[in-house]
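Participant: For reference, the structure I am asking about is given below.
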Amino acid sequence: MAVIDLSRLPPPQIVDVPDFETLLAERKAAFVALYPVDEQDAVRRTLALESEPVTKLLQENIPRNPAAPAY
């Protein structure tokens, strides 16, 4: 069996896992983009409310572990 000298291997690339707030901002932006331009500002203001049901749904649908594959 061949022996592998691990010290000669390059260091592994670190996976950059975005934080919850970054993922939420991306989800909100994608949601806002679904609306006509003249309605987008109102939708942004609505999504700024923590009590808004759609905001809660967007928060809930962010994976608990963003590095894990989504099924």
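Going by the structure tokens order, chains are called A, B, ..., each with residues numbered from 1, while ligands are numbered from 1 in the order shown.
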Can you pull out every residue within 12 Å of region 34-48 of chain A, counting only C-alpha atoms, but drop anything in the same chain fewer than 4 positions away, and send it as a list in words?
Facilitator: Leu24, Ala25, Arg27, Lys28, Ala29, Ala30, Glu52, Pro53, Val54, Thr55, Lys56, Leu57, Leu58 and Gln59 of chain A
Participant: Kindly export the residues of the current selection with N, CA and C atoms, as a short mmCIF file (atom, residue, chain, number, x, y, z; two decimals), in the first residue's frame.
Facilitator:
```cif
data_model
loop_
_atom_site.label_atom_id
_atom_site.label_comp_id
_atom_site.auth_asym_id
_atom_site.auth_seq_id
_atom_site.Cartn_x
_atom_site.Cartn_y
_atom_site.Cartn_z
N LEU A 24 -31.11 35.84 4.55
CA LEU A 24 -32.43 36.45 4.62
C LEU A 24 -32.53 37.65 3.69
N ALA A 25 -31.50 38.47 3.64
CA ALA A 25 -31.51 39.64 2.74
C ALA A 25 -31.60 39.20 1.29
N ARG A 27 -32.99 36.38 0.21
CA ARG A 27 -34.35 35.85 0.01
C ARG A 27 -35.35 36.99 -0.15
N LYS A 28 -35.21 38.02 0.70
CA LYS A 28 -36.11 39.17 0.61
C LYS A 28 -35.96 39.88 -0.73
N ALA A 29 -34.72 40.05 -1.19
CA ALA A 29 -34.48 40.72 -2.47
C ALA A 29 -35.10 39.93 -3.62
N ALA A 30 -34.97 38.62 -3.58
CA ALA A 30 -35.56 37.78 -4.62
C ALA A 30 -37.09 37.87 -4.59
N GLU A 52 -44.55 40.49 10.03
CA GLU A 52 -45.18 40.17 8.74
C GLU A 52 -45.08 38.65 8.49
N PRO A 53 -46.22 37.99 8.19
CA PRO A 53 -46.18 36.54 7.96
C PRO A 53 -45.22 36.11 6.85
N VAL A 54 -45.13 36.88 5.77
CA VAL A 54 -44.20 36.51 4.70
C VAL A 54 -42.76 36.58 5.19
N THR A 55 -42.45 37.56 6.03
CA THR A 55 -41.11 37.66 6.60
C THR A 55 -40.81 36.42 7.43
N LYS A 56 -41.78 35.99 8.21
CA LYS A 56 -41.60 34.78 9.02
C LYS A 56 -41.38 33.56 8.14
N LEU A 57 -42.12 33.45 7.03
CA LEU A 57 -41.94 32.32 6.12
C LEU A 57 -40.55 32.34 5.48
N LEU A 58 -40.10 33.51 5.08
CA LEU A 58 -38.76 33.61 4.49
C LEU A 58 -37.69 33.23 5.52
N GLN A 59 -37.88 33.64 6.77
CA GLN A 59 -36.93 33.28 7.83
C GLN A 59 -36.94 31.77 8.07
#
```
Participant: Using DSSP secondary structure from the backbone, list all alpha helix (DSSP H) positions within chain A, as JSON, numbers by chain.
Facilitator: {"A": [20, 21, 22, 23, 24, 25, 26, 27, 28, 29, 30, 31, 32, 33, 37, 38, 39, 40, 41, 42, 43, 44, 45, 46, 47, 53, 54, 55, 56, 57, 58, 59, 60]}
Participant: One number please: CA of Gln13 (chain A) to CA of Glu60 (chain A), in Å, one decimal.
Facilitator: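 Computing it gives 29.4 Å between the two atoms.
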Participant: Find the distance between CA of Ala33 (chain A) and CA of Val17 (chain A) and write it in Å to one decimal.
Facilitator: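 So the two atoms, CA of Ala33 (chain A) and CA of Val17 (chain A), lie 23.9 Å apart.
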Participant: Rounded to one decimal, what separation in Å do you get between CA of Ile62 (chain A) and CA of Phe31 (chain A)?
Facilitator: 13.4 Å
